[in-house]
Amino acid sequence: MATSNAAASLTVRPGANAAFQRKIRQRYPRFLADITGDGRADIVGFGDAGVYVALSNGDGTFGPARFVNPDLGVQQGWQVDKHPRFLADITGDGRADIVGFGETGVHIALAKGDGTFQPSLLVLSDFAVQQ
């Protein structure tokens, strides 16, 4: 049975080449974090075009992956080996926000609570790739 990877826009089949699967994981990072504040871990992935999410159904399954933010993706210059992105609640509202360390500094995209994120903002010109 094939499994769809919406963040990577590819289909990865069981038994596929291990090096290919490793490349997909390295190019398209995925995280588990509660982005809606409901206490359940959702999936957040970074793809070519930006940010994708699959919200937890609360029963061990997830809803379909949805494209939610056109920032912080490969097409915008974000590379896994140079620009780490993390999910952490930086506002204290119980929802994980995106924090990325890019070429020019720290970028954030705040969780809206509905499974989407606000547009990313450069909030600190320190901690950039070259610093």
# chains A, B, ... in the order shown; residues from 1 in each chain; ligands from 1
call {"tool": "select_by_dssp", "arguments": {"residues": "chain A", "states": "helix (DSSP H, G or I)", "output": "mmCIF file with N, CA and C atoms, in the first residue's frame"}}
result
data_model
loop_
_atom_site.group_PDB
_atom_site.id
_atom_site.type_symbol
_atom_site.label_atom_id
_atom_site.label_comp_id
_atom_site.auth_asym_id
_atom_site.auth_seq_id
_atom_site.Cartn_x
_atom_site.Cartn_y
_atom_site.Cartn_z
ATOM 1 N N ALA A 18 16.132 3.098 0.528
ATOM 2 C CA ALA A 18 16.330 3.770 1.814
ATOM 3 C C ALA A 18 16.991 5.133 1.648
ATOM 4 N N ALA A 19 17.921 5.263 0.715
ATOM 5 C CA ALA A 19 18.589 6.553 0.494
ATOM 6 C C ALA A 19 17.587 7.590 -0.004
ATOM 7 N N PHE A 20 16.666 7.188 -0.862
ATOM 8 C CA PHE A 20 15.635 8.099 -1.362
ATOM 9 C C PHE A 20 14.750 8.563 -0.205
ATOM 10 N N GLN A 21 14.340 7.634 0.648
ATOM 11 C CA GLN A 21 13.500 8.004 1.786
ATOM 12 C C GLN A 21 14.244 8.947 2.732
ATOM 13 N N ARG A 22 15.531 8.722 2.956
ATOM 14 C CA ARG A 22 16.336 9.585 3.800
ATOM 15 C C ARG A 22 16.398 10.993 3.200
ATOM 16 N N LYS A 23 16.540 11.080 1.875
ATOM 17 C CA LYS A 23 16.590 12.372 1.199
ATOM 18 C C LYS A 23 15.286 13.139 1.395
ATOM 19 N N ILE A 24 14.160 12.450 1.294
ATOM 20 C CA ILE A 24 12.859 13.090 1.498
ATOM 21 C C ILE A 24 12.767 13.632 2.916
ATOM 22 N N ARG A 25 13.170 12.849 3.920
ATOM 23 C CA ARG A 25 13.119 13.302 5.311
ATOM 24 C C ARG A 25 14.026 14.504 5.523
ATOM 25 N N GLN A 26 15.178 14.521 4.877
ATOM 26 C CA GLN A 26 16.112 15.624 5.050
ATOM 27 C C GLN A 26 15.632 16.887 4.351
ATOM 28 N N ARG A 27 14.959 16.761 3.232
ATOM 29 C CA ARG A 27 14.505 17.937 2.479
ATOM 30 C C ARG A 27 13.197 18.493 3.025
ATOM 31 N N VAL A 74 11.075 25.305 0.776
ATOM 32 C CA VAL A 74 12.257 25.171 -0.071
ATOM 33 C C VAL A 74 12.286 26.260 -1.147
ATOM 34 N N GLN A 75 11.138 26.551 -1.766
ATOM 35 C CA GLN A 75 11.090 27.554 -2.828
ATOM 36 C C GLN A 75 11.381 28.967 -2.317
ATOM 37 N N GLN A 76 11.254 29.170 -1.023
ATOM 38 C CA GLN A 76 11.576 30.474 -0.438
ATOM 39 C C GLN A 76 13.023 30.504 0.078
#
call {"tool": "residues_around", "arguments": {"residues": "A:Gly39", "least_positions_apart": "3", "cutoff": "10 Å", "atoms": "only C-alpha atoms", "output": "VMD selection string"}}
result
chain A and resid 33 to 36 42 56 58 94 to 95
call {"tool": "select_by_dssp", "arguments": {"residues": "stretch 10-95 of chain A", "states": "strand (DSSP E)", "output": "number ranges by chain"}}
result
A: 10-12, 30-33, 42-46, 51-54, 66-69, 85-88
call {"tool": "closest_residue", "arguments": {"among": "A:Val129, A:Gln118, A:Gln79, A:Ile90", "to": "A:Glu103", "atoms": "only C-alpha atoms"}}
result
A:Val129
call {"tool": "atom_distance", "arguments": {"atom1": "atom CA of A:Phe46", "atom2": "atom CA of A:Arg30"}}
result
6.5 Å
call {"tool": "residues_around", "arguments": {"residues": "A:Gly45", "least_positions_apart": "3", "cutoff": "8 Å", "atoms": "only C-alpha atoms", "output": "count of residues only"}}
result
8
call {"tool": "closest_residue", "arguments": {"among": "A:Gly113, A:Gly47, A:Gly102, A:Pro119", "to": "A:Gln131", "atoms": "only C-alpha atoms"}}
result
A:Gly102
call {"tool": "residues_around", "arguments": {"residues": "A:Ser120", "least_positions_apart": "2", "cutoff": "8 Å", "atoms": "only C-alpha atoms", "output": "PyMOL selection string"}}
result
chain A and resi 71-72+107-110+118+122
call {"tool": "closest_residue", "arguments": {"among": "A:Leu55, A:Ala111, A:Val44, A:Val99", "to": "A:Leu124", "atoms": "only C-alpha atoms"}}
result
A:Val99
call {"tool": "atom_distance", "arguments": {"atom1": "atom CA of A:Arg66", "atom2": "atom CA of A:Asp93"}}
result
22.7 Å
call {"tool": "closest_residue", "arguments": {"among": "A:Thr61, A:Leu32, A:Arg40, A:Asp81", "to": "A:Ile98", "atoms": "only C-alpha atoms"}}
result
A:Leu32
call {"tool": "atom_distance", "arguments": {"atom1": "atom CA of A:Pro64", "atom2": "atom CA of A:Gly50"}}
result
16.2 Å
